[in-house]
$ cat data-v3.cif   # mmCIF, C-alpha atoms
data_target
loop_
_atom_site.label_atom_id
_atom_site.label_comp_id
_atom_site.auth_asym_id
_atom_site.auth_seq_id
_atom_site.Cartn_x
_atom_site.Cartn_y
_atom_site.Cartn_z
CA MET A 1 0.00 0.00 0.00
CA ASN A 2 1.14 3.54 -0.75
CA LYS A 3 1.83 4.97 2.71
CA SER A 4 1.10 8.53 1.55
CA VAL A 5 -2.57 7.71 1.00
CA VAL A 6 -4.77 8.62 3.95
CA LYS A 7 -7.18 5.78 4.60
CA THR A 8 -10.78 6.47 5.56
CA ASP A 9 -12.06 4.24 8.35
CA LEU A 10 -15.00 2.65 6.56
CA SER A 11 -16.14 0.75 9.66
CA SER A 12 -17.37 4.11 10.98
CA PRO A 13 -21.11 4.56 10.29
CA GLN A 14 -20.59 8.28 9.71
CA ASN A 15 -17.89 7.70 7.07
CA THR A 16 -19.90 4.97 5.37
CA LEU A 17 -22.98 7.20 5.16
CA GLU A 18 -20.91 10.15 3.92
CA ILE A 19 -19.43 8.09 1.06
CA ILE A 20 -22.83 6.69 0.14
CA ARG A 21 -24.38 10.18 0.07
CA ARG A 22 -21.51 11.73 -1.87
CA HIS A 23 -21.74 9.11 -4.61
CA GLY A 24 -25.54 9.10 -4.63
CA PHE A 25 -25.51 5.36 -4.04
CA ALA A 26 -28.86 3.58 -3.64
CA PHE A 27 -29.07 0.14 -2.05
CA GLN A 28 -30.51 -2.49 -4.36
CA LYS A 29 -32.68 -5.16 -2.81
CA LYS A 30 -31.92 -7.60 -5.64
CA TYR A 31 -28.28 -7.74 -4.49
CA GLY A 32 -29.12 -8.11 -0.78
CA GLN A 33 -26.77 -5.25 0.12
CA ASN A 34 -26.00 -4.64 3.80
CA PHE A 35 -22.71 -2.91 4.61
CA LEU A 36 -20.84 -3.95 7.76
CA ILE A 37 -20.07 -1.04 10.14
CA ASP A 38 -18.62 -2.81 13.18
CA SER A 39 -14.84 -3.00 13.51
CA HIS A 40 -15.00 -5.81 16.10
CA VAL A 41 -16.90 -8.04 13.67
CA LEU A 42 -14.41 -7.17 10.93
CA ASP A 43 -11.60 -8.29 13.22
CA LYS A 44 -13.42 -11.57 13.95
CA ILE A 45 -13.81 -12.28 10.23
CA ILE A 46 -10.12 -11.61 9.57
CA ALA A 47 -9.14 -13.83 12.52
CA ALA A 48 -11.46 -16.64 11.44
CA ALA A 49 -10.14 -16.58 7.86
CA ASP A 50 -6.57 -16.89 9.22
CA ILE A 51 -5.12 -14.47 6.65
CA THR A 52 -1.31 -14.46 6.33
CA PRO A 53 1.10 -12.31 4.26
CA ASP A 54 1.49 -15.21 1.79
CA ASP A 55 -2.22 -15.55 1.05
CA MET A 56 -4.32 -14.65 -1.95
CA VAL A 57 -7.85 -13.75 -0.88
CA LEU A 58 -10.94 -13.81 -3.05
CA GLU A 59 -13.51 -11.39 -1.63
CA ILE A 60 -17.06 -11.75 -2.92
CA GLY A 61 -19.20 -8.64 -2.60
CA PRO A 62 -16.75 -5.99 -1.32
CA GLY A 63 -19.45 -3.30 -1.17
CA ILE A 64 -17.65 -0.01 -0.54
CA GLY A 65 -14.38 -1.74 0.38
CA THR A 66 -14.61 -1.89 4.17
CA MET A 67 -13.39 -5.47 4.49
CA THR A 68 -11.24 -5.19 1.36
CA GLN A 69 -8.98 -2.63 3.01
CA ARG A 70 -8.35 -4.86 6.02
CA LEU A 71 -7.74 -7.91 3.87
CA ALA A 72 -5.21 -6.01 1.76
CA GLU A 73 -3.30 -4.98 4.90
CA ARG A 74 -2.80 -8.65 5.82
CA ALA A 75 -2.75 -10.62 2.57
CA ARG A 76 -0.32 -10.71 -0.32
CA TRP A 77 -3.04 -10.09 -2.87
CA VAL A 78 -6.82 -9.55 -2.92
CA ALA A 79 -9.25 -10.18 -5.78
CA ALA A 80 -12.50 -8.34 -5.02
CA VAL A 81 -15.49 -9.37 -7.15
CA GLU A 82 -18.40 -6.92 -7.24
CA ILE A 83 -21.51 -7.35 -9.39
CA ASP A 84 -23.01 -3.87 -8.83
CA ALA A 85 -21.66 -1.36 -11.35
CA ASN A 86 -22.69 1.52 -9.07
CA LEU A 87 -20.13 0.41 -6.48
CA ILE A 88 -17.14 0.35 -8.83
CA PRO A 89 -16.47 4.14 -8.68
CA ILE A 90 -16.74 4.00 -4.89
CA LEU A 91 -14.24 1.14 -4.72
CA GLU A 92 -11.87 3.05 -7.00
CA GLU A 93 -11.89 5.83 -4.42
CA THR A 94 -11.78 3.83 -1.18
CA LEU A 95 -9.13 1.40 -2.42
CA ALA A 96 -6.91 3.99 -4.09
CA GLY A 97 -3.30 3.49 -3.05
CA TYR A 98 -3.62 -0.22 -2.31
CA GLU A 99 -1.35 -1.89 -4.83
CA ASN A 100 -2.29 -5.45 -3.92
CA ILE A 101 -6.00 -5.28 -4.83
CA LYS A 102 -7.71 -5.93 -8.15
CA VAL A 103 -11.43 -5.22 -8.44
CA PHE A 104 -13.42 -7.35 -10.87
CA HIS A 105 -16.82 -6.08 -11.99
CA GLU A 106 -18.29 -9.52 -12.58
CA ASP A 107 -20.84 -12.07 -11.43
CA ILE A 108 -18.99 -14.54 -9.19
CA LEU A 109 -21.18 -17.39 -10.47
CA LYS A 110 -19.85 -16.83 -13.99
CA MET A 111 -16.17 -16.43 -13.08
CA ASP A 112 -13.54 -19.08 -13.74
CA ILE A 113 -12.17 -19.36 -10.20
CA PRO A 114 -9.59 -22.10 -10.98
CA LYS A 115 -8.14 -19.82 -13.70
CA LEU A 116 -8.13 -16.86 -11.28
CA ALA A 117 -6.14 -18.92 -8.76
CA LEU A 118 -3.79 -20.07 -11.51
CA ASP A 119 -3.22 -16.56 -12.91
CA TYR A 120 -2.73 -14.77 -9.59
CA ASN A 121 -1.66 -17.48 -7.12
CA GLU A 122 0.17 -20.06 -9.27
CA GLY A 123 -2.68 -22.50 -8.66
CA ARG A 124 -2.06 -22.60 -4.91
CA PRO A 125 -5.05 -22.68 -2.49
CA ILE A 126 -6.83 -19.37 -2.00
CA LYS A 127 -8.90 -18.11 0.93
CA VAL A 128 -12.39 -16.78 0.33
CA VAL A 129 -14.16 -14.06 2.35
CA ALA A 130 -17.71 -12.99 1.60
CA ASN A 131 -20.83 -11.26 2.90
CA LEU A 132 -23.57 -13.19 1.10
CA PRO A 133 -27.29 -12.48 0.74
CA TYR A 134 -29.59 -15.39 1.55
CA TYR A 135 -30.77 -16.15 -1.98
CA ILE A 136 -27.27 -16.67 -3.40
CA THR A 137 -25.45 -18.27 -0.45
CA THR A 138 -25.81 -21.92 -1.43
CA PRO A 139 -25.08 -21.52 -5.18
CA ILE A 140 -21.89 -19.56 -4.45
CA ILE A 141 -20.55 -21.86 -1.74
CA MET A 142 -21.37 -25.05 -3.63
CA GLY A 143 -20.03 -23.51 -6.84
CA LEU A 144 -16.70 -22.83 -5.17
CA PHE A 145 -16.45 -26.36 -3.80
CA GLU A 146 -17.61 -28.11 -6.98
CA SER A 147 -15.58 -25.98 -9.40
CA GLY A 148 -12.36 -27.76 -8.58
CA ALA A 149 -10.86 -24.41 -7.54
CA PRO A 150 -8.05 -24.72 -4.98
CA VAL A 151 -9.79 -23.32 -1.88
CA ASP A 152 -8.25 -23.49 1.61
CA ASN A 153 -11.20 -22.05 3.50
CA ILE A 154 -14.34 -19.96 2.98
CA THR A 155 -15.27 -17.45 5.68
CA VAL A 156 -18.72 -16.03 5.09
CA MET A 157 -21.26 -13.74 6.67
CA VAL A 158 -24.66 -15.32 6.18
CA GLN A 159 -28.10 -15.25 7.76
CA LYS A 160 -28.02 -16.96 11.16
CA GLU A 161 -30.48 -19.63 10.04
CA VAL A 162 -28.22 -20.55 7.11
CA ALA A 163 -25.21 -20.84 9.42
CA ASP A 164 -27.30 -23.10 11.68
CA ARG A 165 -28.14 -25.31 8.70
CA MET A 166 -24.49 -25.58 7.69
CA GLN A 167 -23.40 -26.97 11.05
CA SER A 168 -26.48 -28.93 12.14
CA GLY A 169 -26.57 -32.71 12.57
CA PRO A 170 -29.04 -35.55 12.00
CA GLY A 171 -32.43 -35.26 13.69
CA SER A 172 -32.49 -31.47 14.07
CA LYS A 173 -35.02 -29.33 12.19
CA GLU A 174 -32.17 -27.34 10.57
CA TYR A 175 -30.51 -30.50 9.21
CA GLY A 176 -30.84 -30.84 5.46
CA ALA A 177 -29.15 -31.10 2.08
CA LEU A 178 -26.98 -28.02 2.74
CA SER A 179 -25.75 -29.50 6.05
CA LEU A 180 -24.64 -32.67 4.30
CA ALA A 181 -23.07 -30.91 1.31
CA VAL A 182 -21.04 -28.67 3.60
CA ARG A 183 -19.90 -31.65 5.70
CA TYR A 184 -18.81 -33.51 2.57
CA TYR A 185 -16.54 -30.69 1.42
CA ALA A 186 -15.52 -28.90 4.62
CA GLN A 187 -15.44 -28.61 8.40
CA PRO A 188 -17.78 -25.82 9.58
CA TYR A 189 -16.89 -23.53 12.48
CA LEU A 190 -19.17 -20.77 13.81
CA ALA A 191 -16.91 -17.78 14.43
CA ALA A 192 -19.41 -15.13 15.55
CA ASN A 193 -23.05 -14.17 15.79
CA VAL A 194 -23.74 -10.70 14.38
CA PRO A 195 -26.82 -8.62 15.34
CA PRO A 196 -28.65 -6.44 12.77
CA ASN A 197 -27.31 -3.17 14.23
CA CYS A 198 -23.86 -3.98 12.81
CA PHE A 199 -25.04 -3.16 9.27
CA ILE A 200 -26.28 -0.32 7.12
CA PRO A 201 -29.13 -0.76 6.31
CA ARG A 202 -30.18 -3.03 9.16
CA PRO A 203 -31.32 -6.46 7.95
CA GLY A 204 -34.48 -7.92 9.39
CA VAL A 205 -32.71 -10.98 10.79
CA GLY A 206 -29.53 -11.86 12.66
CA SER A 207 -26.39 -12.93 10.85
CA ALA A 208 -23.43 -15.15 11.62
CA VAL A 209 -19.83 -15.59 10.50
CA ILE A 210 -18.99 -19.18 9.65
CA ARG A 211 -15.71 -20.63 8.38
CA LEU A 212 -15.69 -23.68 6.14
CA THR A 213 -12.27 -25.33 6.11
CA ARG A 214 -11.89 -27.52 3.03
CA HIS A 215 -11.19 -31.20 3.61
CA GLN A 216 -7.99 -32.47 2.02
CA ASP A 217 -9.93 -35.64 1.19
CA PRO A 218 -13.70 -36.29 1.43
CA PRO A 219 -14.66 -37.85 4.79
CA VAL A 220 -16.64 -40.60 3.04
CA GLU A 221 -15.98 -42.82 0.03
CA THR A 222 -18.54 -42.99 -2.76
CA LYS A 223 -18.68 -44.90 -6.04
CA ASP A 224 -20.83 -42.11 -7.48
CA ARG A 225 -20.73 -38.74 -5.71
CA GLN A 226 -23.46 -37.26 -7.91
CA LEU A 227 -25.78 -40.16 -7.08
CA MET A 228 -25.18 -39.60 -3.36
CA PHE A 229 -26.21 -35.95 -3.69
CA ARG A 230 -29.29 -36.90 -5.74
CA LEU A 231 -30.30 -39.26 -2.93
CA ILE A 232 -29.73 -36.50 -0.36
CA ARG A 233 -31.81 -33.97 -2.32
CA ALA A 234 -34.62 -36.47 -2.86
CA SER A 235 -34.77 -37.43 0.80
CA PHE A 236 -35.14 -33.80 1.95
CA ASN A 237 -37.39 -32.56 -0.86
CA GLN A 238 -40.18 -34.48 0.87
CA ARG A 239 -38.79 -34.64 4.38
CA ARG A 240 -42.11 -35.62 5.96
CA LYS A 241 -42.15 -38.80 3.89
CA THR A 242 -40.17 -41.91 4.73
CA LEU A 243 -36.79 -42.26 3.05
CA LEU A 244 -38.22 -45.10 0.97
CA ASN A 245 -41.09 -43.04 -0.42
CA GLY A 246 -39.01 -39.91 -0.86
CA LEU A 247 -36.45 -41.73 -3.00
CA TYR A 248 -39.07 -43.71 -4.91
CA ASN A 249 -41.09 -40.58 -5.79
CA SER A 250 -38.08 -38.54 -6.94
CA PRO A 251 -37.95 -37.74 -10.68
CA GLU A 252 -34.13 -37.64 -10.33
CA LEU A 253 -33.98 -41.34 -9.48
CA GLY A 254 -35.19 -44.46 -11.22
CA PHE A 255 -34.93 -47.18 -8.60
CA THR A 256 -37.74 -49.59 -7.83
CA LYS A 257 -39.29 -49.66 -4.38
CA GLU A 258 -37.82 -53.10 -3.87
CA GLU A 259 -34.28 -51.93 -4.70
CA ILE A 260 -34.54 -49.01 -2.28
CA ALA A 261 -36.11 -51.12 0.47
CA LYS A 262 -33.37 -53.74 0.15
CA ALA A 263 -30.62 -51.10 0.39
CA ILE A 264 -32.23 -49.55 3.49
CA GLU A 265 -32.52 -52.99 5.08
CA THR A 266 -28.89 -53.81 4.25
CA LEU A 267 -27.87 -50.63 6.08
CA GLY A 268 -29.65 -51.98 9.16
CA LEU A 269 -32.14 -49.12 9.21
CA PRO A 270 -35.86 -49.43 9.98
CA ALA A 271 -38.16 -49.50 6.95
CA ALA A 272 -39.94 -46.30 8.07
CA VAL A 273 -36.74 -44.28 8.61
CA ARG A 274 -36.72 -40.68 7.34
CA GLY A 275 -33.85 -39.07 5.47
CA GLU A 276 -33.26 -36.56 8.26
CA ALA A 277 -32.08 -39.42 10.50
CA LEU A 278 -29.18 -40.46 8.23
CA THR A 279 -25.60 -39.30 8.61
CA LEU A 280 -23.35 -38.37 5.68
CA GLY A 281 -21.67 -41.77 6.05
CA GLN A 282 -25.01 -43.58 5.78
CA PHE A 283 -25.97 -41.63 2.65
CA ALA A 284 -22.62 -42.58 1.16
CA GLU A 285 -23.22 -46.25 1.99
CA LEU A 286 -26.74 -46.04 0.56
CA SER A 287 -25.44 -44.58 -2.70
CA ASN A 288 -22.80 -47.31 -2.92
CA LEU A 289 -25.46 -50.00 -2.49
CA LEU A 290 -27.64 -48.47 -5.21
CA ALA A 291 -24.84 -47.60 -7.64
CA VAL A 292 -24.56 -49.85 -10.67
#

$ encode --input "data-v3.cif" --output "structure tokens"
Amino acid sequence: MNKSVVKTDLSSPQNTLEIIRRHGFAFQKKYGQNFLIDSHVLDKIIAAADITPDDMVLEIGPGIGTMTQRLAERARWVAAVEIDANLIPILEETLAGYENIKVFHEDILKMDIPKLALDYNEGRPIKVVANLPYYITTPIIMGLFESGAPVDNITVMVQKEVADRMQSGPGSKEYGALSLAVRYYAQPYLAANVPPNCFIPRPGVGSAVIRLTRHQDPPVETKDRQLMFRLIRASFNQRRKTLLNGLYNSPELGFTKEEIAKAIETLGLPAAVRGEALTLGQFAELSNLLAV
């Protein structure tokens, strides 16, 4: 960073509001924009992400650059991806003088993340930091994991209920397809709960910071990973039904009732078991029994 540049403390509500007013920025509901204005929460995110001077960080949704500044002060290089064109001029101002930041005006879901890591980090694992709106959380996180991009960890601010789903276990009402997908790819860790008054504008619900540390190897072995995830989706799409009926009724699957019943019996599970009772390991075993 150019030491002659005077940095504006963007975690200050007054400074954030002043920048927003000066640029005539209007929050867009379609992007789920809520800007963080609490320095303690910023510190917790940085600590959870475990940023070092050797790291490349991919930041999704930098907003006006509040977190971006802090990441740049700790990391070797920061790629900040912002979809809202109205924020690009603001970022050009707030990040001026930081020589280790590149802002990309793009949709993260359309970016080639493996190529980004290759071009700017020699293909080594990157760390991801993001403040994600509810509607896009799962596609972004699963996209990062499934893309084959070298990701060390993902530290995200999400709605509290989404964080609960990511770390919940069998039998709980929060347990579902997202819980299992996260467990397959990563180890979740809840770093902080964040109340609505830490944002401008205030969201209607509480938020949480959760870190997902990528597994070096999947915790379960599957003959057909895609089949396992189809079984998981089918079992939770109709979670009030038994596992047998949920799988049999799924348009994604083509097994007979007898085939499904035999696999469930082989697992040593009761015939009326529901999908929400199965662990990731049991879903993996079930997929291996049904795989051809």

$ resolve_selection --input "data-v3.cif" --expression "the PyMOL selection byres ((chain A and resi 233) around 12)" --output "number ranges by chain"
A: 176-181, 226-232, 234-239, 243, 246-247, 249-253, 275-276, 283

$ residues_near_point --input "data-v3.cif" --point "(-28.7, -22.5, 7.9)" --cutoff "10 Å" --atoms "all atoms listed in the file" --output "short mmCIF file (atom, residue, chain, number, x, y, z; two decimals) with C-alpha atoms, in the coordinates of the input"
data_model
loop_
_atom_site.label_atom_id
_atom_site.label_comp_id
_atom_site.auth_asym_id
_atom_site.auth_seq_id
_atom_site.Cartn_x
_atom_site.Cartn_y
_atom_site.Cartn_z
CA TYR A 134 -29.59 -15.39 1.55
CA THR A 137 -25.45 -18.27 -0.45
CA THR A 138 -25.81 -21.92 -1.43
CA VAL A 158 -24.66 -15.32 6.18
CA GLN A 159 -28.10 -15.25 7.76
CA LYS A 160 -28.02 -16.96 11.16
CA GLU A 161 -30.48 -19.63 10.04
CA VAL A 162 -28.22 -20.55 7.11
CA ALA A 163 -25.21 -20.84 9.42
CA ASP A 164 -27.30 -23.10 11.68
CA ARG A 165 -28.14 -25.31 8.70
CA MET A 166 -24.49 -25.58 7.69
CA GLN A 167 -23.40 -26.97 11.05
CA SER A 168 -26.48 -28.93 12.14
CA GLU A 174 -32.17 -27.34 10.57
CA TYR A 175 -30.51 -30.50 9.21
CA GLY A 176 -30.84 -30.84 5.46
CA LEU A 178 -26.98 -28.02 2.74
CA SER A 179 -25.75 -29.50 6.05
CA ALA A 208 -23.43 -15.15 11.62
#

$ residues_near_point --input "data-v3.cif" --point "(-27.0, -46.4, 2.3)" --cutoff "12 Å" --atoms "all atoms listed in the file" --output "PyMOL selection string"
chain A and resi 220-223+227-228+231-232+235+243-244+247+259-269+273+275+277-291

$ residues_around --input "data-v3.cif" --residues "stretch 33-44 of chain A" --least-positions-apart "4" --cutoff "10 Å" --atoms "all atoms listed in the file" --output "ChimeraX atom specification"
/A:9-16,26-29,48-50,61-67,70-71,84,131-133,157,191-194,196-203,208-209

$ atom_distance --input "data-v3.cif" --atom1 "atom CA of A:Pro114" --atom2 "atom CA of A:Tyr185"
16.6 Å

$ atom_distance --input "data-v3.cif" --atom1 "atom CA of A:Tyr31" --atom2 "atom CA of A:Ile108"
12.4 Å

$ axis_aligned_box --input "data-v3.cif" --around "stretch 216-229 of chain A" --padding-each-side "6 Å" --output "AutoDock Vina command-line options"
--center_x -17.1 --center_y -38.7 --center_z -1.6 --size_x 30.2 --size_y 24.4 --size_z 24.7

$ atom_distance --input "data-v3.cif" --atom1 "atom CA of A:Pro53" --atom2 "atom CA of A:Gln216"
22.2 Å

$ closest_residue --input "data-v3.cif" --among "A:Pro195, A:Pro150, A:Gly254, A:Gly32" --to "A:Tyr135" --atoms "all atoms listed in the file"
A:Gly32

$ closest_residue --input "data-v3.cif" --among "A:Thr242, A:Ser147, A:Thr8, A:Asn121" --to "A:Gly97" --atoms "all atoms listed in the file"
A:Thr8

$ closest_residue --input "data-v3.cif" --among "A:Arg240, A:Lys102, A:Lys30, A:His215" --to "A:Ala80" --atoms "only C-alpha atoms"
A:Lys102

$ closest_residue --input "data-v3.cif" --among "A:Gly206, A:Arg183, A:Arg214, A:Pro125" --to "A:Ile154" --atoms "all atoms listed in the file"
A:Arg214

$ residues_around --input "data-v3.cif" --residues "A:Glu92" --least-positions-apart "2" --cutoff "12 Å" --atoms "all atoms listed in the file" --output "list in words"
His23, Pro62, Gly63, Ile64, Gly65, Thr68, Gln69, Ala80, Glu82, Ala85, Asn86, Leu87, Ile88, Pro89, Ile90, Thr94, Leu95, Ala96, Gly97, Tyr98, Glu99, Ile101, Lys102, Val103, Phe104 and His105 of chain A

$ write_last_selection --input "data-v3.cif" --atoms "C-alpha atoms" --output "compact mmCIF listing (two decimals), keeping the file's coordinate frame"
# COMPACT_ATOMS: atom_id res chain seq x y z
CA HIS A 23 -21.74 9.11 -4.61
CA PRO A 62 -16.75 -5.99 -1.32
CA GLY A 63 -19.45 -3.30 -1.17
CA ILE A 64 -17.65 -0.01 -0.54
CA GLY A 65 -14.38 -1.74 0.38
CA THR A 68 -11.24 -5.19 1.36
CA GLN A 69 -8.98 -2.63 3.01
CA ALA A 80 -12.50 -8.34 -5.02
CA GLU A 82 -18.40 -6.92 -7.24
CA ALA A 85 -21.66 -1.36 -11.35
CA ASN A 86 -22.69 1.52 -9.07
CA LEU A 87 -20.13 0.41 -6.48
CA ILE A 88 -17.14 0.35 -8.83
CA PRO A 89 -16.47 4.14 -8.68
CA ILE A 90 -16.74 4.00 -4.89
CA THR A 94 -11.78 3.83 -1.18
CA LEU A 95 -9.13 1.40 -2.42
CA ALA A 96 -6.91 3.99 -4.09
CA GLY A 97 -3.30 3.49 -3.05
CA TYR A 98 -3.62 -0.22 -2.31
CA GLU A 99 -1.35 -1.89 -4.83
CA ILE A 101 -6.00 -5.28 -4.83
CA LYS A 102 -7.71 -5.93 -8.15
CA VAL A 103 -11.43 -5.22 -8.44
CA PHE A 104 -13.42 -7.35 -10.87
CA HIS A 105 -16.82 -6.08 -11.99

$ resolve_selection --input "data-v3.cif" --expression "the PyMOL selection byres ((chain A and resi 59) around 7)" --output "MDAnalysis selection string"
chainID A and resid 57:58 60:62 79:81 128:130

$ write_last_selection --input "data-v3.cif" --atoms "C-alpha atoms" --output "compact mmCIF listing (two decimals), in the coordinates of the input"
# COMPACT_ATOMS: atom_id res chain seq x y z
CA VAL A 57 -7.85 -13.75 -0.88
CA LEU A 58 -10.94 -13.81 -3.05
CA ILE A 60 -17.06 -11.75 -2.92
CA GLY A 61 -19.20 -8.64 -2.60
CA PRO A 62 -16.75 -5.99 -1.32
CA ALA A 79 -9.25 -10.18 -5.78
CA ALA A 80 -12.50 -8.34 -5.02
CA VAL A 81 -15.49 -9.37 -7.15
CA VAL A 128 -12.39 -16.78 0.33
CA VAL A 129 -14.16 -14.06 2.35
CA ALA A 130 -17.71 -12.99 1.60

$ residues_around --input "data-v3.cif" --residues "A:Asp54" --least-positions-apart "6" --cutoff "9 Å" --atoms "all atoms listed in the file" --output "short mmCIF file (atom, residue, chain, number, x, y, z; two decimals) with C-alpha atoms, keeping the file's coordinate frame"
data_model
loop_
_atom_site.label_atom_id
_atom_site.label_comp_id
_atom_site.auth_asym_id
_atom_site.auth_seq_id
_atom_site.Cartn_x
_atom_site.Cartn_y
_atom_site.Cartn_z
CA ARG A 74 -2.80 -8.65 5.82
CA ALA A 75 -2.75 -10.62 2.57
CA ARG A 76 -0.32 -10.71 -0.32
CA TRP A 77 -3.04 -10.09 -2.87
#

$ build_atoms --input "data-v3.cif" --residues "stretch 242-257 of chain A" --atoms "N, CA and C atoms" --output "compact mmCIF listing (two decimals), in the frame of the given file"
# COMPACT_ATOMS: atom_id res chain seq x y z
N THR A 242 -41.24 -40.99 4.37
CA THR A 242 -40.17 -41.91 4.73
C THR A 242 -39.08 -41.81 3.66
N LEU A 243 -37.89 -42.24 4.02
CA LEU A 243 -36.79 -42.26 3.05
C LEU A 243 -37.17 -43.08 1.82
N LEU A 244 -37.82 -44.21 2.06
CA LEU A 244 -38.22 -45.10 0.97
C LEU A 244 -39.12 -44.38 -0.03
N ASN A 245 -40.14 -43.71 0.47
CA ASN A 245 -41.09 -43.04 -0.42
C ASN A 245 -40.48 -41.80 -1.07
N GLY A 246 -39.66 -41.10 -0.31
CA GLY A 246 -39.01 -39.91 -0.86
C GLY A 246 -38.12 -40.25 -2.04
N LEU A 247 -37.35 -41.32 -1.92
CA LEU A 247 -36.45 -41.73 -3.00
C LEU A 247 -37.24 -42.31 -4.17
N TYR A 248 -38.28 -43.06 -3.86
CA TYR A 248 -39.07 -43.71 -4.91
C TYR A 248 -39.83 -42.67 -5.75
N ASN A 249 -40.29 -41.60 -5.10
CA ASN A 249 -41.09 -40.58 -5.79
C ASN A 249 -40.25 -39.55 -6.53
N SER A 250 -38.94 -39.57 -6.34
CA SER A 250 -38.08 -38.54 -6.94
C SER A 250 -37.93 -38.73 -8.45
N PRO A 251 -38.16 -37.66 -9.22
CA PRO A 251 -37.95 -37.74 -10.68
C PRO A 251 -36.46 -37.85 -11.05
N GLU A 252 -35.58 -37.56 -10.08
CA GLU A 252 -34.13 -37.64 -10.33
C GLU A 252 -33.62 -39.08 -10.27
N LEU A 253 -34.43 -39.97 -9.70
CA LEU A 253 -33.98 -41.34 -9.48
C LEU A 253 -34.89 -42.32 -10.21
N GLY A 254 -34.38 -43.47 -10.49
CA GLY A 254 -35.19 -44.46 -11.22
C GLY A 254 -35.18 -45.83 -10.59
N PHE A 255 -35.00 -45.88 -9.28
CA PHE A 255 -34.93 -47.18 -8.60
C PHE A 255 -36.33 -47.69 -8.27
N THR A 256 -36.46 -49.00 -8.24
CA THR A 256 -37.74 -49.59 -7.83
C THR A 256 -37.85 -49.52 -6.31
N LYS A 257 -39.08 -49.67 -5.83
CA LYS A 257 -39.29 -49.66 -4.38
C LYS A 257 -38.53 -50.81 -3.73
